[in-house]
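Undergrad: Just so it is clear, I am handing over data.cif, which has mmCIF, C-alpha atoms.
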```
data_input
loop_
_atom_site.label_atom_id
_atom_site.label_comp_id
_atom_site.auth_asym_id
_atom_site.auth_seq_id
_atom_site.Cartn_x
_atom_site.Cartn_y
_atom_site.Cartn_z
CA MET A 1 137.13 170.21 110.21
CA ASP A 2 138.72 172.13 107.35
CA ASN A 3 136.65 174.17 104.97
CA LEU A 4 135.79 172.78 101.57
CA GLN A 5 137.26 174.51 98.52
CA VAL A 6 134.37 174.43 96.05
CA ARG A 7 134.38 175.43 92.37
CA ILE A 8 130.93 175.78 90.82
CA TRP A 9 130.08 176.32 87.16
CA ARG A 10 128.46 179.70 86.49
CA GLY A 11 126.90 180.59 83.17
CA THR A 12 125.29 178.63 80.37
CA ASP A 13 127.12 176.57 77.75
CA THR A 14 129.75 179.28 78.04
CA GLY A 15 130.89 180.52 81.40
CA ASP A 16 133.49 179.80 84.06
CA PHE A 17 133.94 178.22 87.46
CA GLN A 18 133.52 180.38 90.56
CA ASP A 19 135.31 179.57 93.82
CA PHE A 20 133.57 179.29 97.17
CA GLU A 21 134.60 178.22 100.64
CA VAL A 22 132.09 176.05 102.46
CA PRO A 23 132.30 174.77 106.06
CA ARG A 24 132.89 171.02 106.16
CA GLN A 25 130.34 169.09 108.17
CA GLU A 26 129.80 165.49 109.08
CA SER A 27 127.54 163.42 106.80
CA GLN A 28 127.48 166.36 104.36
CA THR A 29 126.19 165.67 100.87
CA VAL A 30 127.18 167.47 97.67
CA LEU A 31 123.63 168.85 97.52
CA ASP A 32 124.12 170.26 101.03
CA VAL A 33 127.21 172.07 99.73
CA VAL A 34 125.37 173.57 96.76
CA THR A 35 122.47 174.60 99.01
CA TYR A 36 124.89 176.27 101.44
CA VAL A 37 126.45 178.26 98.59
CA GLN A 38 123.05 179.37 97.30
CA ARG A 39 121.76 180.37 100.75
CA LYS A 40 124.89 181.85 102.32
CA CYS A 41 127.22 182.94 99.51
CA ASP A 42 125.35 183.75 96.31
CA PRO A 43 121.53 183.58 96.05
CA THR A 44 121.73 183.90 92.24
CA LEU A 45 123.16 180.37 91.94
CA ALA A 46 120.69 178.20 89.99
CA TYR A 47 120.36 174.48 90.71
CA ARG A 48 117.58 171.93 90.74
CA PHE A 49 116.44 169.57 93.48
CA ALA A 50 113.23 168.31 95.02
CA CYS A 51 113.09 165.27 97.28
CA ARG A 52 116.67 165.20 98.71
CA VAL A 53 116.36 161.45 99.32
CA GLY A 54 117.18 159.83 95.96
CA VAL A 55 113.68 159.40 94.62
CA CYS A 56 112.90 162.28 92.28
CA GLY A 57 116.04 162.24 90.12
CA SER A 58 116.28 166.01 89.73
CA CYS A 59 119.57 166.89 91.48
CA ALA A 60 122.09 165.13 89.21
CA MET A 61 125.28 167.08 88.44
CA THR A 62 128.86 166.47 87.42
CA VAL A 63 130.95 166.21 90.59
CA ASN A 64 134.73 166.20 90.22
CA GLY A 65 134.26 165.11 86.61
CA VAL A 66 131.80 162.29 87.33
CA SER A 67 128.02 162.35 86.79
CA ARG A 68 126.27 161.70 90.11
CA TRP A 69 123.07 162.25 92.07
CA THR A 70 124.13 164.89 94.55
CA CYS A 71 121.56 164.33 97.30
CA ARG A 72 122.97 160.92 98.12
CA THR A 73 126.60 161.56 97.31
CA HIS A 74 128.51 162.19 100.51
CA VAL A 75 131.32 164.71 100.32
CA SER A 76 133.58 162.25 102.13
CA LYS A 77 133.16 159.83 99.24
CA VAL A 78 134.18 162.20 96.45
CA ALA A 79 136.36 164.93 98.01
CA ALA A 80 139.11 163.27 100.01
CA ASP A 81 141.28 166.39 99.63
CA ASN A 82 138.40 168.73 100.54
CA ARG A 83 138.11 169.98 96.97
CA LEU A 84 134.91 169.85 94.93
CA GLU A 85 134.29 170.87 91.33
CA ILE A 86 130.58 170.94 90.58
CA ALA A 87 129.30 171.34 87.02
CA PRO A 88 126.01 170.68 85.22
CA LEU A 89 125.30 167.30 83.60
CA ARG A 90 127.08 166.72 80.29
CA ASN A 91 125.40 166.15 76.93
CA LEU A 92 122.52 168.52 77.73
CA PRO A 93 122.16 172.26 77.08
CA VAL A 94 122.76 174.39 80.18
CA ILE A 95 119.96 176.79 81.10
CA LYS A 96 121.88 178.46 83.93
CA ASP A 97 124.67 177.37 86.27
CA LEU A 98 123.85 173.80 87.36
CA VAL A 99 120.45 173.56 85.67
CA THR A 100 120.29 171.67 82.38
CA ASP A 101 117.49 171.62 79.84
CA MET A 102 116.11 168.07 80.12
CA ARG A 103 113.69 168.31 77.19
CA GLU A 104 115.95 166.45 74.78
CA PHE A 105 116.39 163.68 77.37
CA PHE A 106 112.65 163.16 77.89
CA ASP A 107 111.76 163.74 74.23
CA LYS A 108 113.94 160.72 73.48
CA TRP A 109 111.94 158.63 75.96
CA ALA A 110 108.88 159.55 73.89
CA ARG A 111 110.71 158.73 70.62
CA ALA A 112 111.60 155.31 72.06
CA ARG A 113 107.87 154.88 72.77
CA GLY A 114 108.53 154.78 76.48
CA ARG A 115 104.84 154.96 77.33
CA PHE A 116 102.84 151.89 78.32
CA THR A 117 100.08 150.97 75.90
CA GLY A 118 97.58 148.42 77.11
CA SER A 119 94.44 146.83 75.74
CA LYS A 120 92.43 146.50 78.95
CA THR A 121 90.00 148.94 80.47
CA ARG A 122 89.30 149.73 84.10
CA LYS A 123 86.39 147.31 83.90
CA ASP A 124 88.74 144.37 83.23
CA GLY A 125 90.34 142.39 86.01
CA PHE A 126 93.99 142.62 87.05
CA ALA A 127 96.51 141.03 84.71
CA ALA A 128 98.18 138.00 86.27
CA VAL A 129 101.94 138.25 85.77
CA SER A 130 104.06 135.64 87.49
CA PRO A 131 106.98 137.21 89.41
CA GLU A 132 108.99 134.16 88.37
CA SER A 133 108.45 134.60 84.63
CA LYS A 134 111.47 135.45 82.45
CA GLU A 135 109.86 138.66 81.21
CA ARG A 136 108.91 139.91 84.69
CA LYS A 137 112.45 139.33 85.96
CA ARG A 138 113.82 141.39 83.08
CA VAL A 139 111.39 144.19 83.88
CA GLU A 140 112.39 143.98 87.53
CA ALA A 141 116.05 144.52 86.61
CA GLY A 142 115.40 147.83 84.88
CA ILE A 143 112.20 149.31 86.29
CA GLU A 144 113.63 151.39 89.15
CA CYS A 145 114.97 154.15 86.86
CA ILE A 146 114.30 157.60 88.36
CA GLY A 147 115.09 159.54 85.17
CA CYS A 148 117.96 161.48 86.71
CA GLY A 149 119.95 161.72 83.46
CA VAL A 150 123.23 160.48 84.99
CA CYS A 151 123.54 157.69 82.42
CA TYR A 152 122.80 160.12 79.58
CA SER A 153 125.48 162.48 80.86
CA ALA A 154 128.02 159.67 81.23
CA CYS A 155 127.39 158.14 77.80
CA ASP A 156 130.15 158.61 75.19
CA VAL A 157 127.86 157.65 72.31
CA VAL A 158 125.42 160.47 73.18
CA SER A 159 128.29 162.95 72.97
CA TRP A 160 129.32 161.59 69.54
CA ASN A 161 125.83 161.08 68.09
CA LYS A 162 123.20 163.62 69.14
CA ASP A 163 120.44 161.50 67.58
CA TYR A 164 121.22 158.53 69.83
CA LEU A 165 118.29 157.80 72.13
CA GLY A 166 120.54 157.16 75.11
CA PRO A 167 120.63 154.56 77.89
CA ALA A 168 117.62 155.70 79.93
CA ALA A 169 115.16 155.79 77.01
CA LEU A 170 116.38 152.42 75.74
CA ASN A 171 116.21 150.91 79.24
CA ARG A 172 112.62 152.12 79.46
CA ALA A 173 111.84 150.59 76.06
CA TRP A 174 113.36 147.28 77.21
CA THR A 175 111.14 147.15 80.30
CA LEU A 176 108.07 147.73 78.11
CA ILE A 177 109.15 145.16 75.51
CA ASN A 178 109.13 142.66 78.39
CA ASP A 179 105.83 143.87 79.81
CA VAL A 180 103.43 141.13 78.72
CA ARG A 181 100.47 143.54 79.05
CA ASP A 182 101.89 146.05 76.57
CA THR A 183 100.50 146.08 73.02
CA ASP A 184 103.01 148.38 71.30
CA ARG A 185 105.87 145.88 70.87
CA LYS A 186 106.23 146.08 67.09
CA GLU A 187 106.20 149.87 66.91
CA ARG A 188 108.58 150.11 69.87
CA LEU A 189 111.08 147.68 68.34
CA ALA A 190 111.01 149.73 65.14
CA ALA A 191 111.47 152.96 67.11
CA VAL A 192 114.65 151.74 68.84
CA ALA A 193 116.24 150.12 65.76
CA GLY A 194 119.29 151.31 63.89
CA ASP A 195 121.94 154.03 64.06
CA ALA A 196 120.04 156.32 66.43
CA GLY A 197 118.76 153.45 68.54
CA CYS A 198 120.12 150.47 70.42
CA HIS A 199 122.55 149.42 67.68
CA ALA A 200 124.63 152.56 68.21
CA CYS A 201 125.63 151.43 71.72
CA HIS A 202 129.31 150.46 71.97
CA THR A 203 128.88 148.65 75.29
CA HIS A 204 131.29 150.99 77.07
CA LEU A 205 129.23 150.37 80.23
CA ASN A 206 129.53 153.98 81.46
CA CYS A 207 125.78 154.04 82.12
CA THR A 208 125.93 150.85 84.15
CA GLU A 209 128.98 152.08 86.07
CA ARG A 210 127.34 155.41 86.95
CA CYS A 211 123.65 154.56 87.44
CA PRO A 212 122.91 155.61 91.05
CA LYS A 213 120.15 152.99 91.25
CA GLY A 214 122.54 150.20 90.28
CA LEU A 215 120.67 149.37 87.07
CA SER A 216 122.34 148.07 83.93
CA PRO A 217 120.98 149.88 80.88
CA THR A 218 123.75 148.13 78.93
CA ALA A 219 122.13 144.75 79.59
CA GLY A 220 118.76 146.05 78.46
CA ILE A 221 120.26 147.56 75.31
CA ALA A 222 121.97 144.24 74.53
CA GLY A 223 118.58 142.57 74.86
CA LEU A 224 117.01 145.15 72.55
CA LYS A 225 119.73 144.58 69.93
CA ARG A 226 118.93 140.87 69.83
CA ALA A 227 115.16 141.41 69.88
CA VAL A 228 115.28 143.98 67.07
CA LEU A 229 117.55 141.80 64.92
CA ALA A 230 115.26 138.79 65.42
CA ALA A 231 112.21 140.92 64.56
CA THR A 232 113.96 142.25 61.44
CA LEU A 233 114.98 138.80 60.22
CA SER A 234 111.51 137.38 60.85
CA GLY A 235 109.88 140.29 59.00
CA GLU A 236 108.02 141.48 62.12
CA ILE A 237 109.41 144.99 61.57
CA MET B 1 119.44 154.23 54.72
CA SER B 2 116.43 152.68 56.47
CA PRO B 3 116.64 151.53 60.11
CA ARG B 4 115.94 148.01 58.84
CA THR B 5 119.07 148.08 56.65
CA GLN B 6 121.04 149.55 59.55
CA VAL B 7 119.97 146.62 61.73
CA LEU B 8 120.96 144.12 59.03
CA LEU B 9 124.37 145.82 58.72
CA TRP B 10 124.79 145.52 62.48
CA GLY B 11 124.00 141.81 62.25
CA ALA B 12 126.38 141.36 59.31
CA GLN B 13 129.17 143.02 61.26
CA ARG B 14 128.66 140.72 64.25
CA ILE B 15 128.64 137.58 62.10
CA SER B 16 131.67 138.72 60.07
CA ALA B 17 133.49 139.41 63.36
CA MET B 18 132.94 135.79 64.41
CA VAL B 19 134.22 134.55 61.04
CA LEU B 20 137.24 136.87 61.28
CA ALA B 21 138.12 135.66 64.78
CA LEU B 22 138.29 132.09 63.44
CA CYS B 23 140.14 133.06 60.24
CA VAL B 24 142.77 135.12 62.11
CA ILE B 25 143.50 132.20 64.47
CA VAL B 26 143.86 129.72 61.58
CA HIS B 27 145.99 132.19 59.61
CA LEU B 28 148.32 132.94 62.56
CA VAL B 29 148.74 129.27 63.54
CA THR B 30 149.49 128.36 59.92
CA MET B 31 151.96 131.22 59.55
CA ILE B 32 153.81 130.32 62.76
CA TYR B 33 153.91 126.66 61.71
CA ALA B 34 155.29 127.59 58.28
CA VAL B 35 157.98 129.86 59.73
CA ARG B 36 159.04 127.43 62.46
CA SER B 37 159.30 124.62 59.93
CA GLY B 38 161.60 126.78 57.83
CA LEU B 39 159.44 126.76 54.74
CA SER B 40 160.55 129.15 51.99
CA ALA B 41 158.13 131.39 50.10
CA ALA B 42 158.40 129.07 47.12
CA GLU B 43 157.56 126.04 49.25
CA ILE B 44 154.56 127.82 50.79
CA LEU B 45 153.30 128.84 47.36
CA GLY B 46 153.83 125.27 46.21
CA ARG B 47 151.35 124.13 48.83
CA THR B 48 148.76 126.85 48.24
CA GLN B 49 148.77 126.77 44.43
CA GLY B 50 145.87 124.74 43.17
CA SER B 51 144.59 124.05 46.67
CA ALA B 52 140.83 124.50 46.68
CA GLY B 53 140.81 124.33 50.49
CA TRP B 54 143.20 127.25 50.95
CA PHE B 55 141.45 129.19 48.19
CA ALA B 56 138.08 128.76 49.93
CA PHE B 57 139.56 129.67 53.33
CA TYR B 58 141.20 132.89 52.17
CA ALA B 59 138.22 133.82 50.00
CA LEU B 60 136.07 133.57 53.14
CA PHE B 61 138.67 135.63 55.05
CA VAL B 62 138.57 138.37 52.42
CA ALA B 63 134.76 138.34 52.30
CA ALA B 64 134.60 138.76 56.09
CA VAL B 65 137.06 141.68 55.94
CA ALA B 66 135.16 143.31 53.08
CA VAL B 67 131.91 143.12 55.08
CA HIS B 68 133.29 143.95 58.53
CA ALA B 69 135.68 146.84 57.88
CA PRO B 70 133.44 149.26 55.95
CA ILE B 71 130.54 148.87 58.41
CA GLY B 72 132.84 149.71 61.31
CA LEU B 73 134.46 152.51 59.35
CA ARG B 74 131.03 153.99 58.62
CA THR B 75 130.32 154.21 62.36
CA ILE B 76 133.77 155.58 63.22
CA ILE B 77 133.55 158.28 60.56
CA SER B 78 130.01 159.30 61.49
CA GLU B 79 130.88 159.57 65.19
CA THR B 80 134.23 161.30 64.65
CA LEU B 81 133.36 163.72 61.85
CA ASN B 82 129.62 163.96 62.50
CA TRP B 83 129.06 162.96 58.87
CA ARG B 84 125.94 160.92 58.09
CA GLY B 85 123.86 160.16 55.05
CA ARG B 86 124.12 158.80 51.55
CA GLY B 87 127.59 160.19 50.80
CA LEU B 88 129.08 158.28 53.72
CA ASP B 89 127.21 155.09 52.77
CA VAL B 90 128.54 155.29 49.21
CA LEU B 91 132.12 155.99 50.35
CA THR B 92 132.22 153.07 52.78
CA GLY B 93 130.52 150.85 50.18
CA ILE B 94 133.32 151.68 47.72
CA ILE B 95 135.93 150.93 50.42
CA GLY B 96 134.29 147.53 51.00
CA LEU B 97 134.29 146.81 47.27
CA GLY B 98 137.96 147.84 47.06
CA LEU B 99 138.89 145.54 49.93
CA ALA B 100 137.04 142.67 48.24
CA ILE B 101 138.72 143.27 44.86
CA TRP B 102 142.28 143.68 46.22
CA GLY B 103 141.81 140.85 48.69
CA MET B 104 140.57 138.43 46.04
CA ARG B 105 143.40 139.52 43.75
CA ALA B 106 145.85 138.36 46.44
CA VAL B 107 143.92 135.12 46.95
CA PHE B 108 144.08 134.38 43.22
CA GLY B 109 147.81 135.17 43.39
CA VAL B 110 148.59 132.47 45.94
CA PHE B 111 146.17 130.04 44.32
CA SER B 112 147.24 130.36 40.70
CA GLY B 113 150.94 131.10 41.24
CA GLY B 114 151.91 134.73 40.84
CA GLY B 115 149.43 135.60 38.13
CA ALA B 116 148.05 138.51 40.15
#
```
Any chance you could put this one into structure tokens?
TA:
Amino acid sequence: MDNLQVRIWRGTDTGDFQDFEVPRQESQTVLDVVTYVQRKCDPTLAYRFACRVGVCGSCAMTVNGVSRWTCRTHVSKVAADNRLEIAPLRNLPVIKDLVTDMREFFDKWARARGRFTGSKTRKDGFAAVSPESKERKRVEAGIECIGCGVCYSACDVVSWNKDYLGPAALNRAWTLINDVRDTDRKERLAAVAGDAGCHACHTHLNCTERCPKGLSPTAGIAGLKRAVLAATLSGEI
Amino acid sequence: MSPRTQVLLWGAQRISAMVLALCVIVHLVTMIYAVRSGLSAAEILGRTQGSAGWFAFYALFVAAVAVHAPIGLRTIISETLNWRGRGLDVLTGIIGLGLAIWGMRAVFGVFSGGGA
């Protein structure tokens, strides 16, 4: 097999790409390539990973111009000509090389009130939620988010409007709005309303196209837009 | 501007878009019909002058434009120039008012017969 010609971003928000040559192997992932470079070529290369199996959401990068999770992206899928350009996620400050500062991303989850608030205590019984209910099916469609930041990196609106909460935070808010046990509905609807919230989404569908878990934040955001408008017109918020 | 007002603007833009879609179709079909039938400008004006129906239709058309365009422009400007706040709201409000005034001036023109 031919070697891979790999260009990797070095630096912070300013910097340049550095070229490496990496042996091509069967079933090789992009994360394998980055790991090879760090272990065999340049130990100062900074990158982030943990589980390597698509669960933790920490290894997302921009691969040949597209935001992806690297642990489950096979080289054969994205580098037909044996060339790889690996950069950090977009729309987030770069700490070093391929490591982005995710604080802004998770702070926006908090701003969207992405934390479950219940009224029961451990002494109460389990809540009975029918798997067939409309609300539970909506939760089901969005709950598998791993917080990798791929959607945030792929979103045009985030790049144009730094206040915009972004697809992941809004998707999280949508799952909680549909959680019948949650008691923070009114405050959450108010938190995701307006120019920095769900109404800024242009329905470009980049998040839905790129989500490695196959979720559709766009659908959740559309639901939020309707829910917030209804709550505004009824005087709930 | 409060998030509540921003949500209401979003709703107004969606509703005005629906009205515009209908108005544009009616306007285009009417225009094509008038041209294909060989109607002159004078004959077209003869049919619109004094017609309450056409006056109401084009007044609605202008109202939808005056609502829809400035809200969209506000978003485009804020995302392109990174300009937000009261100054932008006032500017786009003035643009909406201008569209309403000039649009209604044209509507009165075809309704009353060149008085505009």
Undergrad: Restrict the distance test to all atoms listed in the file, flag each residue of chain B within 6 Å of chain A, and return the flagged residues as a VMD selection string.
TA: chain B and resid 3 6 to 7 79
Undergrad: Can I get the selected residues back with C-alpha atoms, as an mmCIF file, keeping the file's coordinate frame?
TA:
```cif
data_model
loop_
_atom_site.group_PDB
_atom_site.id
_atom_site.type_symbol
_atom_site.label_atom_id
_atom_site.label_comp_id
_atom_site.auth_asym_id
_atom_site.auth_seq_id
_atom_site.Cartn_x
_atom_site.Cartn_y
_atom_site.Cartn_z
ATOM 1 C CA PRO B 3 116.640 151.530 60.110
ATOM 2 C CA GLN B 6 121.040 149.550 59.550
ATOM 3 C CA VAL B 7 119.970 146.620 61.730
ATOM 4 C CA GLU B 79 130.880 159.570 65.190
#
```
Undergrad: By how many Å are atom CA of B:Trp10 and atom CA of A:Thr117 apart?
TA: 28.6 Å
Undergrad: List the residues selected by the PyMOL selection byres ((chain A and resi 98) around 12) in the file shown, writing them as number ranges by chain.
TA: A: 7-13, 15-17, 31, 34-35, 38, 44-49, 58-63, 70, 85-90, 92-97, 99-101
Undergrad: Quick one: which residues end up in the PyMOL selection byres ((chain A and resi 203) around 10) for this structure, as a ChimeraX atom specification?
TA: /A:155,157,199-202,204-208,217-219,221-222
Undergrad: Using only C-alpha atoms, please write the residues we just selected to a file, as a PDB file, in the coordinates of the input.
TA:
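Once everything was written out, this is again_11.pdb:
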```
ATOM      1  CA  CYS A 155     127.390 158.140  77.800  1.00  0.00           C
ATOM      2  CA  VAL A 157     127.860 157.650  72.310  1.00  0.00           C
ATOM      3  CA  HIS A 199     122.550 149.420  67.680  1.00  0.00           C
ATOM      4  CA  ALA A 200     124.630 152.560  68.210  1.00  0.00           C
ATOM      5  CA  CYS A 201     125.630 151.430  71.720  1.00  0.00           C
ATOM      6  CA  HIS A 202     129.310 150.460  71.970  1.00  0.00           C
ATOM      7  CA  HIS A 204     131.290 150.990  77.070  1.00  0.00           C
ATOM      8  CA  LEU A 205     129.230 150.370  80.230  1.00  0.00           C
ATOM      9  CA  ASN A 206     129.530 153.980  81.460  1.00  0.00           C
ATOM     10  CA  CYS A 207     125.780 154.040  82.120  1.00  0.00           C
ATOM     11  CA  THR A 208     125.930 150.850  84.150  1.00  0.00           C
ATOM     12  CA  PRO A 217     120.980 149.880  80.880  1.00  0.00           C
ATOM     13  CA  THR A 218     123.750 148.130  78.930  1.00  0.00           C
ATOM     14  CA  ALA A 219     122.130 144.750  79.590  1.00  0.00           C
ATOM     15  CA  ILE A 221     120.260 147.560  75.310  1.00  0.00           C
ATOM     16  CA  ALA A 222     121.970 144.240  74.530  1.00  0.00           C
TER      17      ALA A 222
END
```
Undergrad: Rank nothing, just name the residue among A:Arg122, A:Arg83, A:Arg172, A:Arg39 nearest to A:Ser216, using only C-alpha atoms.
TA: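 Smallest distance to A:Ser216 is found for A:Arg172.
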Undergrad: What does the distance between atom CA of A:Met1 and atom CA of A:Arg24 come to in Å, to one decimal place?
TA: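 Separation of atom CA of A:Met1 and atom CA of A:Arg24: 5.9 Å.
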Undergrad: Do you have the atom CA of A:Val129-atom CA of A:Ala173 distance handy?
TA: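 Atom CA of A:Ala173 lies 18.6 Å from atom CA of A:Val129.
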Undergrad: List the neighbours of A:Val6 out to 9 Å using all atoms listed in the file; skip same-chain residues closer than 4 positions along the sequence, and give me the result as a list in words.
TA: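 Contacts, in chain order: Gln18, Asp19, Phe20, Glu21, Val22, Val33, Asn82, Arg83, Leu84, Glu85 and Ile86 of chain A.
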Undergrad: Using the chain letters and residue numbers of this document, give as number ranges by chain the residues selected by the PyMOL selection byres ((chain A and resi 144) around 12).
TA: A: 54-57, 138-143, 145-148, 168, 171-172, 175, 211-217
Undergrad: Need to verify the contact set: stretch 96-100 of chain B, 12 Å, all atoms listed in the file, exclusion of same-chain residues closer than 2 positions in sequence. Can you return it as a PyMOL selection string?
TA: chain B and resi 58-74+89-94+102-108
